[in-house]
Amino acid sequence: MPAQNEELSFSGSDPGAVKYGNFINYYSFHSSKNRTNNLDPKMFPTAVNDIIICLDVGCNTGELTKDMYLYLKNIYNDLSVKMLAIDIDPTLIERAKEGNDICDITFITCDIVSDAGRKLVQDYKETQKKQMFDVIFCFSITMWIHINNGDEKLIELLNFLKGNTRSLIIEPQPWKCYKNAQRRMKRSGKDFELFESLKIRDNVDKKIEEILNKNNHTKVYESPLSSWNRKILSYHLKMN
Ligand SMILES: C[S@@+](CC[C@H](N)C(=O)[O-])C[C@H]1O[C@@H](n2cnc3c(N)ncnc32)[C@H](O)[C@@H]1O
């Protein structure tokens, strides 16, 4: 079921107390340039044909998406790059569309946890005639999936992404961020109901790494910590 309007708006008077991390004006606080500065060409797989297809999960208003697109155009020497960028919040997606002048990026409202959302992602791959995305970006979204849907859904998401991509570039939030989010939500009179029941907690970033490193993918790059203390990891599908 799509997220309801009431769930998408902020709680009380604090625009930072949002259920899904769907902050309005996110990029006035976290410049997308600071984030792309922490990327490295080693994070990206070699091209297998003349088109690179990417998925950006939780794209907010699309500033980082657009900067990543330009970064990719640069490292892939002007191969064709196509991106699907999705977010659960339709208002953010409308703003992303309004500010978008790159026809290779498609912004769509979509909940990545839902069956319909996953189908949309699969369908995009098929319309591009690819079995796998070349790159999936998952920046600062793992916590929002986890805190709203629980341990199993986080694991399921990571496995879904792995099953659909040659490379996964991920910036997970550490446990400290969960505690801050819960504190902020409580101050505005609500809370994340699943917070206390999460079994994956203090070591969540390690657990995510463990899941991503299993089976067919392996870590190829880890960035230094960013100015806001997060690192970006890159996992590639192992060659058989
Ligand atoms: C903190 S923002 C990160 C934005 C961007 N990825 C970045 O790092 O600059 C998290 C985004 O994930 C979106 N989001 C949260 N849960 C989602 C879900 N289940 N499906 C799709 N998007 C989701 C939110 O609406 C929000 O825009």
# chains A, B, ... in the order shown; residues from 1 in each chain; ligands from 1
$ select_by_dssp --residues "stretch 160-212 of chain A" --states "strand (DSSP E or B)" --output "ChimeraX atom specification"
/A:165,167-171
$ residues_near_ligand --ligand "ligand 1" --cutoff "9 Å" --atoms "only C-alpha atoms and all ligand atoms" --output "PDB file with N, CA and C atoms, in the first residue's frame"
ATOM      1  N   ALA A   3       2.537   4.862   0.796  1.00  0.00           N
ATOM      2  CA  ALA A   3       2.574   5.607   2.050  1.00  0.00           C
ATOM      3  C   ALA A   3       1.499   6.695   2.012  1.00  0.00           C
ATOM      4  N   LEU A   8       3.800  10.862   5.482  1.00  0.00           N
ATOM      5  CA  LEU A   8       4.891  11.497   4.747  1.00  0.00           C
ATOM      6  C   LEU A   8       5.225  12.893   5.262  1.00  0.00           C
ATOM      7  N   VAL A  18      10.862  13.187  10.476  1.00  0.00           N
ATOM      8  CA  VAL A  18      10.108  12.559   9.385  1.00  0.00           C
ATOM      9  C   VAL A  18      10.276  11.041   9.451  1.00  0.00           C
ATOM     10  N   LYS A  19       9.237  10.354   9.038  1.00  0.00           N
ATOM     11  CA  LYS A  19       9.234   8.900   9.188  1.00  0.00           C
ATOM     12  C   LYS A  19      10.205   8.195   8.238  1.00  0.00           C
ATOM     13  N   TYR A  20      10.328   8.719   7.026  1.00  0.00           N
ATOM     14  CA  TYR A  20      11.091   7.991   5.999  1.00  0.00           C
ATOM     15  C   TYR A  20      12.434   8.637   5.647  1.00  0.00           C
ATOM     16  N   GLY A  21      12.831   9.663   6.417  1.00  0.00           N
ATOM     17  CA  GLY A  21      14.044  10.389   6.007  1.00  0.00           C
ATOM     18  C   GLY A  21      13.758  11.255   4.799  1.00  0.00           C
ATOM     19  N   ASN A  22      12.468  11.537   4.578  1.00  0.00           N
ATOM     20  CA  ASN A  22      12.054  12.331   3.415  1.00  0.00           C
ATOM     21  C   ASN A  22      12.110  13.820   3.767  1.00  0.00           C
ATOM     22  N   PHE A  23      13.334  14.249   4.114  1.00  0.00           N
ATOM     23  CA  PHE A  23      13.545  15.637   4.525  1.00  0.00           C
ATOM     24  C   PHE A  23      13.322  16.574   3.353  1.00  0.00           C
ATOM     25  N   ILE A  24      12.582  17.659   3.633  1.00  0.00           N
ATOM     26  CA  ILE A  24      12.502  18.703   2.609  1.00  0.00           C
ATOM     27  C   ILE A  24      13.803  19.501   2.750  1.00  0.00           C
ATOM     28  N   TYR A  26      16.771  18.753   2.004  1.00  0.00           N
ATOM     29  CA  TYR A  26      17.890  17.909   2.473  1.00  0.00           C
ATOM     30  C   TYR A  26      19.233  18.433   1.962  1.00  0.00           C
ATOM     31  N   TYR A  27      19.244  18.843   0.688  1.00  0.00           N
ATOM     32  CA  TYR A  27      20.534  19.201   0.090  1.00  0.00           C
ATOM     33  C   TYR A  27      21.022  20.594   0.500  1.00  0.00           C
ATOM     34  N   HIS A  30      23.115  18.920   3.354  1.00  0.00           N
ATOM     35  CA  HIS A  30      24.138  17.938   2.967  1.00  0.00           C
ATOM     36  C   HIS A  30      24.448  18.133   1.493  1.00  0.00           C
ATOM     37  N   SER A  31      25.434  18.953   1.219  1.00  0.00           N
ATOM     38  CA  SER A  31      25.740  19.254  -0.183  1.00  0.00           C
ATOM     39  C   SER A  31      26.056  17.962  -0.952  1.00  0.00           C
ATOM     40  N   SER A  32      25.460  17.837  -2.124  1.00  0.00           N
ATOM     41  CA  SER A  32      25.700  16.612  -2.893  1.00  0.00           C
ATOM     42  C   SER A  32      27.149  16.561  -3.391  1.00  0.00           C
ATOM     43  N   ARG A  35      29.442  14.708  -1.241  1.00  0.00           N
ATOM     44  CA  ARG A  35      29.239  13.265  -1.323  1.00  0.00           C
ATOM     45  C   ARG A  35      29.965  12.711  -2.542  1.00  0.00           C
ATOM     46  N   ASP A  56      18.979   4.508  -8.471  1.00  0.00           N
ATOM     47  CA  ASP A  56      19.265   5.267  -7.255  1.00  0.00           C
ATOM     48  C   ASP A  56      18.070   5.094  -6.316  1.00  0.00           C
ATOM     49  N   VAL A  57      18.299   4.416  -5.206  1.00  0.00           N
ATOM     50  CA  VAL A  57      17.205   4.103  -4.280  1.00  0.00           C
ATOM     51  C   VAL A  57      17.102   5.202  -3.216  1.00  0.00           C
ATOM     52  N   GLY A  58      15.951   5.865  -3.148  1.00  0.00           N
ATOM     53  CA  GLY A  58      15.759   6.941  -2.159  1.00  0.00           C
ATOM     54  C   GLY A  58      16.460   8.205  -2.614  1.00  0.00           C
ATOM     55  N   CYS A  59      15.994   8.759  -3.755  1.00  0.00           N
ATOM     56  CA  CYS A  59      16.748   9.839  -4.419  1.00  0.00           C
ATOM     57  C   CYS A  59      16.405  11.220  -3.884  1.00  0.00           C
ATOM     58  N   ASN A  60      15.404  11.329  -2.997  1.00  0.00           N
ATOM     59  CA  ASN A  60      14.995  12.629  -2.476  1.00  0.00           C
ATOM     60  C   ASN A  60      14.707  13.583  -3.654  1.00  0.00           C
ATOM     61  N   THR A  61      15.239  14.806  -3.663  1.00  0.00           N
ATOM     62  CA  THR A  61      14.904  15.728  -4.767  1.00  0.00           C
ATOM     63  C   THR A  61      15.884  15.634  -5.936  1.00  0.00           C
ATOM     64  N   GLY A  62      16.773  14.641  -5.891  1.00  0.00           N
ATOM     65  CA  GLY A  62      17.548  14.309  -7.091  1.00  0.00           C
ATOM     66  C   GLY A  62      18.879  15.020  -7.290  1.00  0.00           C
ATOM     67  N   GLU A  63      19.290  15.895  -6.370  1.00  0.00           N
ATOM     68  CA  GLU A  63      20.572  16.601  -6.585  1.00  0.00           C
ATOM     69  C   GLU A  63      21.742  15.628  -6.662  1.00  0.00           C
ATOM     70  N   LEU A  64      21.796  14.703  -5.694  1.00  0.00           N
ATOM     71  CA  LEU A  64      22.902  13.733  -5.702  1.00  0.00           C
ATOM     72  C   LEU A  64      22.801  12.834  -6.944  1.00  0.00           C
ATOM     73  N   THR A  65      21.579  12.463  -7.294  1.00  0.00           N
ATOM     74  CA  THR A  65      21.374  11.621  -8.489  1.00  0.00           C
ATOM     75  C   THR A  65      22.009  12.280  -9.719  1.00  0.00           C
ATOM     76  N   ILE A  86      14.346   6.526  -7.661  1.00  0.00           N
ATOM     77  CA  ILE A  86      13.035   6.328  -7.031  1.00  0.00           C
ATOM     78  C   ILE A  86      13.023   6.884  -5.610  1.00  0.00           C
ATOM     79  N   ASP A  87      11.843   7.305  -5.189  1.00  0.00           N
ATOM     80  CA  ASP A  87      11.664   7.743  -3.807  1.00  0.00           C
ATOM     81  C   ASP A  87      10.221   7.472  -3.399  1.00  0.00           C
ATOM     82  N   ILE A  88      10.037   7.201  -2.120  1.00  0.00           N
ATOM     83  CA  ILE A  88       8.697   6.893  -1.609  1.00  0.00           C
ATOM     84  C   ILE A  88       7.806   8.131  -1.563  1.00  0.00           C
ATOM     85  N   ASP A  89       8.399   9.327  -1.566  1.00  0.00           N
ATOM     86  CA  ASP A  89       7.637  10.552  -1.336  1.00  0.00           C
ATOM     87  C   ASP A  89       7.343  11.269  -2.662  1.00  0.00           C
ATOM     88  N   PRO A  90       6.062  11.305  -3.070  1.00  0.00           N
ATOM     89  CA  PRO A  90       5.721  11.895  -4.375  1.00  0.00           C
ATOM     90  C   PRO A  90       6.048  13.378  -4.472  1.00  0.00           C
ATOM     91  N   LEU A  92       8.652  14.931  -3.168  1.00  0.00           N
ATOM     92  CA  LEU A  92      10.082  15.033  -3.479  1.00  0.00           C
ATOM     93  C   LEU A  92      10.323  14.674  -4.941  1.00  0.00           C
ATOM     94  N   ILE A  93       9.616  13.661  -5.418  1.00  0.00           N
ATOM     95  CA  ILE A  93       9.790  13.241  -6.821  1.00  0.00           C
ATOM     96  C   ILE A  93       9.314  14.350  -7.771  1.00  0.00           C
ATOM     97  N   THR A 109       7.982   7.843  -8.302  1.00  0.00           N
ATOM     98  CA  THR A 109       7.588   7.557  -6.925  1.00  0.00           C
ATOM     99  C   THR A 109       7.439   6.047  -6.765  1.00  0.00           C
ATOM    100  N   CYS A 110       8.089   5.499  -5.762  1.00  0.00           N
ATOM    101  CA  CYS A 110       8.061   4.047  -5.633  1.00  0.00           C
ATOM    102  C   CYS A 110       8.608   3.649  -4.252  1.00  0.00           C
ATOM    103  N   ASP A 111       7.917   2.729  -3.595  1.00  0.00           N
ATOM    104  CA  ASP A 111       8.382   2.204  -2.309  1.00  0.00           C
ATOM    105  C   ASP A 111       9.173   0.920  -2.589  1.00  0.00           C
ATOM    106  N   ILE A 112      10.466   0.948  -2.341  1.00  0.00           N
ATOM    107  CA  ILE A 112      11.331  -0.182  -2.691  1.00  0.00           C
ATOM    108  C   ILE A 112      11.023  -1.429  -1.847  1.00  0.00           C
ATOM    109  N   VAL A 113      10.289  -1.239  -0.744  1.00  0.00           N
ATOM    110  CA  VAL A 113       9.949  -2.392   0.100  1.00  0.00           C
ATOM    111  C   VAL A 113       8.737  -3.147  -0.465  1.00  0.00           C
ATOM    112  N   SER A 114       7.949  -2.474  -1.292  1.00  0.00           N
ATOM    113  CA  SER A 114       6.703  -3.102  -1.763  1.00  0.00           C
ATOM    114  C   SER A 114       6.936  -3.979  -2.997  1.00  0.00           C
ATOM    115  N   GLY A 117       6.827  -1.858  -6.069  1.00  0.00           N
ATOM    116  CA  GLY A 117       8.080  -1.107  -6.249  1.00  0.00           C
ATOM    117  C   GLY A 117       9.153  -1.984  -6.865  1.00  0.00           C
ATOM    118  N   PHE A 137      22.819   2.554  -6.503  1.00  0.00           N
ATOM    119  CA  PHE A 137      23.239   3.457  -5.442  1.00  0.00           C
ATOM    120  C   PHE A 137      22.233   3.363  -4.290  1.00  0.00           C
ATOM    121  N   CYS A 138      22.777   3.292  -3.096  1.00  0.00           N
ATOM    122  CA  CYS A 138      21.920   3.148  -1.915  1.00  0.00           C
ATOM    123  C   CYS A 138      22.513   4.055  -0.824  1.00  0.00           C
ATOM    124  N   PHE A 139      22.219   5.331  -0.941  1.00  0.00           N
ATOM    125  CA  PHE A 139      22.859   6.328  -0.075  1.00  0.00           C
ATOM    126  C   PHE A 139      21.914   6.756   1.050  1.00  0.00           C
ATOM    127  N   SER A 140      22.377   6.540   2.277  1.00  0.00           N
ATOM    128  CA  SER A 140      21.647   7.019   3.469  1.00  0.00           C
ATOM    129  C   SER A 140      20.176   6.624   3.455  1.00  0.00           C
ATOM    130  N   ILE A 141      19.927   5.371   3.148  1.00  0.00           N
ATOM    131  CA  ILE A 141      18.536   4.902   3.147  1.00  0.00           C
ATOM    132  C   ILE A 141      18.354   3.609   3.933  1.00  0.00           C
ATOM    133  N   THR A 142      19.432   2.855   4.177  1.00  0.00           N
ATOM    134  CA  THR A 142      19.261   1.557   4.862  1.00  0.00           C
ATOM    135  C   THR A 142      18.554   1.738   6.208  1.00  0.00           C
ATOM    136  N   MET A 143      18.908   2.799   6.947  1.00  0.00           N
ATOM    137  CA  MET A 143      18.283   2.987   8.267  1.00  0.00           C
ATOM    138  C   MET A 143      16.772   3.179   8.142  1.00  0.00           C
ATOM    139  N   TRP A 144      16.355   3.936   7.123  1.00  0.00           N
ATOM    140  CA  TRP A 144      14.913   4.233   7.008  1.00  0.00           C
ATOM    141  C   TRP A 144      14.122   2.978   6.663  1.00  0.00           C
ATOM    142  N   ILE A 145      14.710   2.129   5.841  1.00  0.00           N
ATOM    143  CA  ILE A 145      14.041   0.864   5.514  1.00  0.00           C
ATOM    144  C   ILE A 145      13.971   0.004   6.785  1.00  0.00           C
ATOM    145  N   ASN A 148      11.705   1.308   9.839  1.00  0.00           N
ATOM    146  CA  ASN A 148      10.256   1.271   9.565  1.00  0.00           C
ATOM    147  C   ASN A 148       9.724  -0.117   9.262  1.00  0.00           C
ATOM    148  N   ASN A 149      10.613  -1.042   8.891  1.00  0.00           N
ATOM    149  CA  ASN A 149      10.137  -2.353   8.419  1.00  0.00           C
ATOM    150  C   ASN A 149      10.737  -3.540   9.151  1.00  0.00           C
ATOM    151  N   GLU A 171      25.975   3.640   1.228  1.00  0.00           N
ATOM    152  CA  GLU A 171      26.425   4.466   2.351  1.00  0.00           C
ATOM    153  C   GLU A 171      25.460   4.180   3.513  1.00  0.00           C
TER     154      GLU A 171
END
$ residues_around --residues "A:His146" --least-positions-apart "5" --cutoff "9 Å" --atoms "only C-alpha atoms" --output "tab-separated table (two decimals) with N, CA and C atoms, in the first residue's frame"
chain	number	residue	atom	x	y	z
A	141	ILE	N	19.93	5.37	3.15
A	141	ILE	CA	18.54	4.90	3.15
A	141	ILE	C	18.35	3.61	3.93
A	151	ASP	N	14.12	-6.03	10.89
A	151	ASP	CA	15.36	-6.72	10.48
A	151	ASP	C	15.20	-7.51	9.18
A	152	GLU	N	14.11	-8.29	9.12
A	152	GLU	CA	13.96	-9.19	7.96
A	152	GLU	C	13.87	-8.40	6.66
A	153	LYS	N	13.15	-7.28	6.71
A	153	LYS	CA	12.97	-6.47	5.49
A	153	LYS	C	14.27	-5.80	5.07
A	154	LEU	N	15.11	-5.47	6.05
A	154	LEU	CA	16.42	-4.91	5.68
A	154	LEU	C	17.23	-5.97	4.94
A	155	ILE	N	17.26	-7.18	5.51
A	155	ILE	CA	18.03	-8.27	4.89
A	155	ILE	C	17.47	-8.57	3.49
A	194	LEU	N	9.04	0.13	15.76
A	194	LEU	CA	9.85	-1.11	15.74
A	194	LEU	C	11.22	-0.94	16.40
A	198	LEU	N	14.20	-4.15	17.20
A	198	LEU	CA	15.24	-4.49	16.23
A	198	LEU	C	16.33	-5.32	16.90
$ residues_around --residues "A:Ile232" --least-positions-apart "4" --cutoff "6 Å" --atoms "only C-alpha atoms" --output "PyMOL selection string"
chain A and resi 170-171+222-223
$ write_last_selection --atoms "C-alpha atoms" --output "compact mmCIF listing (two decimals), in the first residue's frame"
# COMPACT_ATOMS: atom_id res chain seq x y z
CA ILE A 170 26.14 1.93 -0.46
CA GLU A 171 26.43 4.47 2.35
CA GLU A 222 35.78 1.47 0.98
CA SER A 223 36.00 5.27 1.06
$ atom_distance --atom1 "atom CA of A:Leu158" --atom2 "atom CA of A:Lys207"
11.0 Å
$ closest_residue --among "A:Phe29, A:Tyr235, A:Phe195, A:Tyr178" --to "A:Asp134" --atoms "only C-alpha atoms"
A:Tyr235
$ residues_around --residues "A:Asn34" --least-positions-apart "4" --cutoff "10 Å" --atoms "only C-alpha atoms" --output "list in words"
His30, Asn38, Leu39, Leu64, Ser226, Ser227 and Trp228 of chain A
$ write_last_selection --atoms "N, CA and C atoms" --output "JSON list (two decimals), in the first residue's frame"
[["chain", "number", "residue", "atom", "x", "y", "z"],
["A", 30, "HIS", "N", 23.12, 18.92, 3.35],
["A", 30, "HIS", "CA", 24.14, 17.94, 2.97],
["A", 30, "HIS", "C", 24.45, 18.13, 1.49],
["A", 38, "ASN", "N", 33.60, 12.00, -2.41],
["A", 38, "ASN", "CA", 34.03, 10.78, -1.72],
["A", 38, "ASN", "C", 33.89, 9.53, -2.61],
["A", 39, "LEU", "N", 33.52, 9.74, -3.87],
["A", 39, "LEU", "CA", 33.46, 8.60, -4.81],
["A", 39, "LEU", "C", 34.85, 8.38, -5.41],
["A", 64, "LEU", "N", 21.80, 14.70, -5.69],
["A", 64, "LEU", "CA", 22.90, 13.73, -5.70],
["A", 64, "LEU", "C", 22.80, 12.83, -6.94],
["A", 226, "SER", "N", 33.51, 10.36, 5.56],
["A", 226, "SER", "CA", 33.18, 11.68, 5.02],
["A", 226, "SER", "C", 33.18, 12.69, 6.17],
["A", 227, "SER", "N", 32.93, 13.96, 5.81],
["A", 227, "SER", "CA", 32.92, 15.01, 6.84],
["A", 227, "SER", "C", 31.82, 14.72, 7.86],
["A", 228, "TRP", "N", 30.80, 13.97, 7.50],
["A", 228, "TRP", "CA", 29.75, 13.65, 8.49],
["A", 228, "TRP", "C", 29.83, 12.18, 8.93]]
$ atom_distance --atom1 "atom CA of A:Asn100" --atom2 "atom CA of A:Ser80"
17.5 Å
$ closest_residue --among "A:Val81, A:Leu72, A:Met43, A:Ile147" --to "A:Asp191" --atoms "only C-alpha atoms"
A:Ile147
$ select_by_dssp --residues "stretch 81-231 of chain A" --states "helix (DSSP H, G or I)" --output "PDB file with C-alpha atoms, in the first residue's frame"
ATOM      1  CA  PRO A  90       5.721  11.895  -4.375  1.00  0.00           C
ATOM      2  CA  THR A  91       6.314  15.541  -3.396  1.00  0.00           C
ATOM      3  CA  LEU A  92      10.082  15.033  -3.479  1.00  0.00           C
ATOM      4  CA  ILE A  93       9.790  13.241  -6.821  1.00  0.00           C
ATOM      5  CA  GLU A  94       7.759  16.139  -8.263  1.00  0.00           C
ATOM      6  CA  ARG A  95      10.504  18.535  -7.192  1.00  0.00           C
ATOM      7  CA  ALA A  96      13.146  16.235  -8.672  1.00  0.00           C
ATOM      8  CA  LYS A  97      11.280  16.177 -11.997  1.00  0.00           C
ATOM      9  CA  GLU A  98      10.868  19.953 -12.021  1.00  0.00           C
ATOM     10  CA  ASP A 115       6.114  -5.783  -4.401  1.00  0.00           C
ATOM     11  CA  ALA A 116       4.892  -3.105  -6.824  1.00  0.00           C
ATOM     12  CA  GLY A 117       8.080  -1.107  -6.249  1.00  0.00           C
ATOM     13  CA  ARG A 118      10.293  -4.126  -6.891  1.00  0.00           C
ATOM     14  CA  LYS A 119       8.342  -4.954 -10.043  1.00  0.00           C
ATOM     15  CA  LEU A 120       8.805  -1.424 -11.325  1.00  0.00           C
ATOM     16  CA  VAL A 121      12.554  -1.746 -10.796  1.00  0.00           C
ATOM     17  CA  GLN A 122      12.646  -5.120 -12.589  1.00  0.00           C
ATOM     18  CA  ASP A 123      10.541  -3.780 -15.450  1.00  0.00           C
ATOM     19  CA  TYR A 124      12.942  -0.867 -15.968  1.00  0.00           C
ATOM     20  CA  LYS A 125      15.843  -3.309 -16.413  1.00  0.00           C
ATOM     21  CA  GLU A 126      13.858  -5.247 -18.953  1.00  0.00           C
ATOM     22  CA  THR A 127      12.899  -2.166 -20.968  1.00  0.00           C
ATOM     23  CA  THR A 142      19.261   1.557   4.862  1.00  0.00           C
ATOM     24  CA  MET A 143      18.283   2.987   8.267  1.00  0.00           C
ATOM     25  CA  TRP A 144      14.913   4.233   7.008  1.00  0.00           C
ATOM     26  CA  ILE A 145      14.041   0.864   5.514  1.00  0.00           C
ATOM     27  CA  HIS A 146      15.227  -0.929   8.650  1.00  0.00           C
ATOM     28  CA  ILE A 147      13.661   1.297  11.317  1.00  0.00           C
ATOM     29  CA  ASN A 148      10.256   1.271   9.565  1.00  0.00           C
ATOM     30  CA  ASN A 149      10.137  -2.353   8.419  1.00  0.00           C
ATOM     31  CA  ASP A 151      15.359  -6.721  10.482  1.00  0.00           C
ATOM     32  CA  GLU A 152      13.956  -9.192   7.958  1.00  0.00           C
ATOM     33  CA  LYS A 153      12.967  -6.468   5.491  1.00  0.00           C
ATOM     34  CA  LEU A 154      16.420  -4.911   5.677  1.00  0.00           C
ATOM     35  CA  ILE A 155      18.034  -8.273   4.887  1.00  0.00           C
ATOM     36  CA  GLU A 156      15.471  -8.899   2.135  1.00  0.00           C
ATOM     37  CA  LEU A 157      16.192  -5.507   0.571  1.00  0.00           C
ATOM     38  CA  LEU A 158      19.950  -6.040   0.554  1.00  0.00           C
ATOM     39  CA  ASN A 159      19.501  -9.442  -1.065  1.00  0.00           C
ATOM     40  CA  PHE A 160      17.056  -8.022  -3.625  1.00  0.00           C
ATOM     41  CA  LEU A 161      19.544  -5.314  -4.583  1.00  0.00           C
ATOM     42  CA  LYS A 162      22.406  -7.811  -4.817  1.00  0.00           C
ATOM     43  CA  TRP A 175      23.464   2.826  14.901  1.00  0.00           C
ATOM     44  CA  LYS A 176      24.114   6.293  16.302  1.00  0.00           C
ATOM     45  CA  CYS A 177      21.896   7.721  13.544  1.00  0.00           C
ATOM     46  CA  TYR A 178      19.037   5.424  14.577  1.00  0.00           C
ATOM     47  CA  LYS A 179      19.241   6.690  18.151  1.00  0.00           C
ATOM     48  CA  ASN A 180      19.223  10.294  16.939  1.00  0.00           C
ATOM     49  CA  ALA A 181      16.228   9.647  14.666  1.00  0.00           C
ATOM     50  CA  GLN A 182      14.283   8.009  17.505  1.00  0.00           C
ATOM     51  CA  ARG A 183      15.158  10.820  19.926  1.00  0.00           C
ATOM     52  CA  ARG A 184      14.016  13.430  17.433  1.00  0.00           C
ATOM     53  CA  MET A 185      10.782  11.593  16.680  1.00  0.00           C
ATOM     54  CA  LYS A 186      10.008  11.213  20.397  1.00  0.00           C
ATOM     55  CA  ARG A 187      10.581  14.925  20.968  1.00  0.00           C
ATOM     56  CA  PHE A 195      12.906   0.593  17.236  1.00  0.00           C
ATOM     57  CA  GLU A 196      13.044  -1.444  20.468  1.00  0.00           C
ATOM     58  CA  SER A 197      12.367  -4.733  18.705  1.00  0.00           C
ATOM     59  CA  VAL A 204      24.267  -2.629  12.094  1.00  0.00           C
ATOM     60  CA  ASP A 205      26.963  -1.380   9.714  1.00  0.00           C
ATOM     61  CA  LYS A 206      29.039  -4.538  10.283  1.00  0.00           C
ATOM     62  CA  LYS A 207      25.971  -6.732   9.776  1.00  0.00           C
ATOM     63  CA  ILE A 208      25.183  -4.980   6.485  1.00  0.00           C
ATOM     64  CA  GLU A 209      28.761  -5.580   5.332  1.00  0.00           C
ATOM     65  CA  GLU A 210      28.465  -9.250   6.294  1.00  0.00           C
ATOM     66  CA  ILE A 211      25.285  -9.686   4.230  1.00  0.00           C
ATOM     67  CA  LEU A 212      26.724  -7.853   1.247  1.00  0.00           C
ATOM     68  CA  ASN A 213      29.967  -9.810   1.268  1.00  0.00           C
TER      69      ASN A 213
END
$ atom_distance --atom1 "atom CA of A:Leu55" --atom2 "atom CA of A:Lys219"
18.9 Å
$ residues_around --residues "A:Lys66" --least-positions-apart "4" --cutoff "8 Å" --atoms "only C-alpha atoms" --output "MDAnalysis selection string"
chainID A and resid 62 70 102 105
$ closest_residue --among "A:Gly150, A:Tyr221, A:Pro172, A:Met132" --to "A:Phe192" --atoms "only C-alpha atoms"
A:Gly150
$ closest_residue --among "A:Asn25, A:Pro174, A:Ile200, A:Ser188" --to "A:Arg230" --atoms "only C-alpha atoms"
A:Pro174
$ closest_residue --among "A:Pro224, A:Lys190, A:Thr46, A:Gly99" --to "A:Leu237" --atoms "only C-alpha atoms"
A:Thr46
$ residues_around --residues "A:Lys130" --least-positions-apart "6" --cutoff "12 Å" --atoms "only C-alpha atoms" --output "PDB file with N, CA and C atoms, in the first residue's frame"
ATOM      1  N   VAL A  48      30.178  -3.615 -19.783  1.00  0.00           N
ATOM      2  CA  VAL A  48      30.122  -4.858 -20.564  1.00  0.00           C
ATOM      3  C   VAL A  48      29.531  -4.610 -21.950  1.00  0.00           C
ATOM      4  N   ASN A  49      28.830  -3.499 -22.109  1.00  0.00           N
ATOM      5  CA  ASN A  49      28.393  -3.092 -23.450  1.00  0.00           C
ATOM      6  C   ASN A  49      28.309  -1.569 -23.482  1.00  0.00           C
ATOM      7  N   ASP A  50      27.619  -1.023 -24.461  1.00  0.00           N
ATOM      8  CA  ASP A  50      27.747   0.435 -24.616  1.00  0.00           C
ATOM      9  C   ASP A  50      26.693   1.226 -23.851  1.00  0.00           C
ATOM     10  N   ILE A  51      26.013   0.556 -22.927  1.00  0.00           N
ATOM     11  CA  ILE A  51      25.064   1.308 -22.102  1.00  0.00           C
ATOM     12  C   ILE A  51      25.211   0.889 -20.634  1.00  0.00           C
ATOM     13  N   ILE A  52      25.221   1.882 -19.764  1.00  0.00           N
ATOM     14  CA  ILE A  52      25.332   1.644 -18.317  1.00  0.00           C
ATOM     15  C   ILE A  52      23.973   1.979 -17.722  1.00  0.00           C
ATOM     16  N   ILE A  53      23.357   1.027 -17.007  1.00  0.00           N
ATOM     17  CA  ILE A  53      22.081   1.381 -16.373  1.00  0.00           C
ATOM     18  C   ILE A  53      22.218   1.353 -14.849  1.00  0.00           C
ATOM     19  N   CYS A  54      21.606   2.348 -14.225  1.00  0.00           N
ATOM     20  CA  CYS A  54      21.772   2.531 -12.777  1.00  0.00           C
ATOM     21  C   CYS A  54      20.423   2.736 -12.102  1.00  0.00           C
ATOM     22  N   LYS A  82      21.994   5.518 -18.283  1.00  0.00           N
ATOM     23  CA  LYS A  82      20.566   5.713 -17.988  1.00  0.00           C
ATOM     24  C   LYS A  82      20.356   5.449 -16.513  1.00  0.00           C
ATOM     25  N   VAL A 121      11.094  -1.724 -10.624  1.00  0.00           N
ATOM     26  CA  VAL A 121      12.554  -1.746 -10.796  1.00  0.00           C
ATOM     27  C   VAL A 121      12.953  -2.834 -11.806  1.00  0.00           C
ATOM     28  N   GLN A 122      12.345  -4.002 -11.659  1.00  0.00           N
ATOM     29  CA  GLN A 122      12.646  -5.120 -12.589  1.00  0.00           C
ATOM     30  C   GLN A 122      12.229  -4.768 -14.013  1.00  0.00           C
ATOM     31  N   ASP A 123      11.049  -4.129 -14.119  1.00  0.00           N
ATOM     32  CA  ASP A 123      10.541  -3.780 -15.450  1.00  0.00           C
ATOM     33  C   ASP A 123      11.476  -2.793 -16.149  1.00  0.00           C
ATOM     34  N   TYR A 124      12.037  -1.863 -15.376  1.00  0.00           N
ATOM     35  CA  TYR A 124      12.942  -0.867 -15.968  1.00  0.00           C
ATOM     36  C   TYR A 124      14.133  -1.573 -16.616  1.00  0.00           C
ATOM     37  N   ASN A 164      20.108  -7.994  -8.283  1.00  0.00           N
ATOM     38  CA  ASN A 164      19.751  -7.225  -9.466  1.00  0.00           C
ATOM     39  C   ASN A 164      20.848  -6.315  -9.986  1.00  0.00           C
ATOM     40  N   THR A 165      22.069  -6.488  -9.452  1.00  0.00           N
ATOM     41  CA  THR A 165      23.093  -5.552  -9.891  1.00  0.00           C
ATOM     42  C   THR A 165      24.484  -6.163  -9.975  1.00  0.00           C
ATOM     43  N   ARG A 166      25.286  -5.601 -10.885  1.00  0.00           N
ATOM     44  CA  ARG A 166      26.693  -5.990 -10.979  1.00  0.00           C
ATOM     45  C   ARG A 166      27.504  -5.272  -9.910  1.00  0.00           C
TER      46      ARG A 166
END
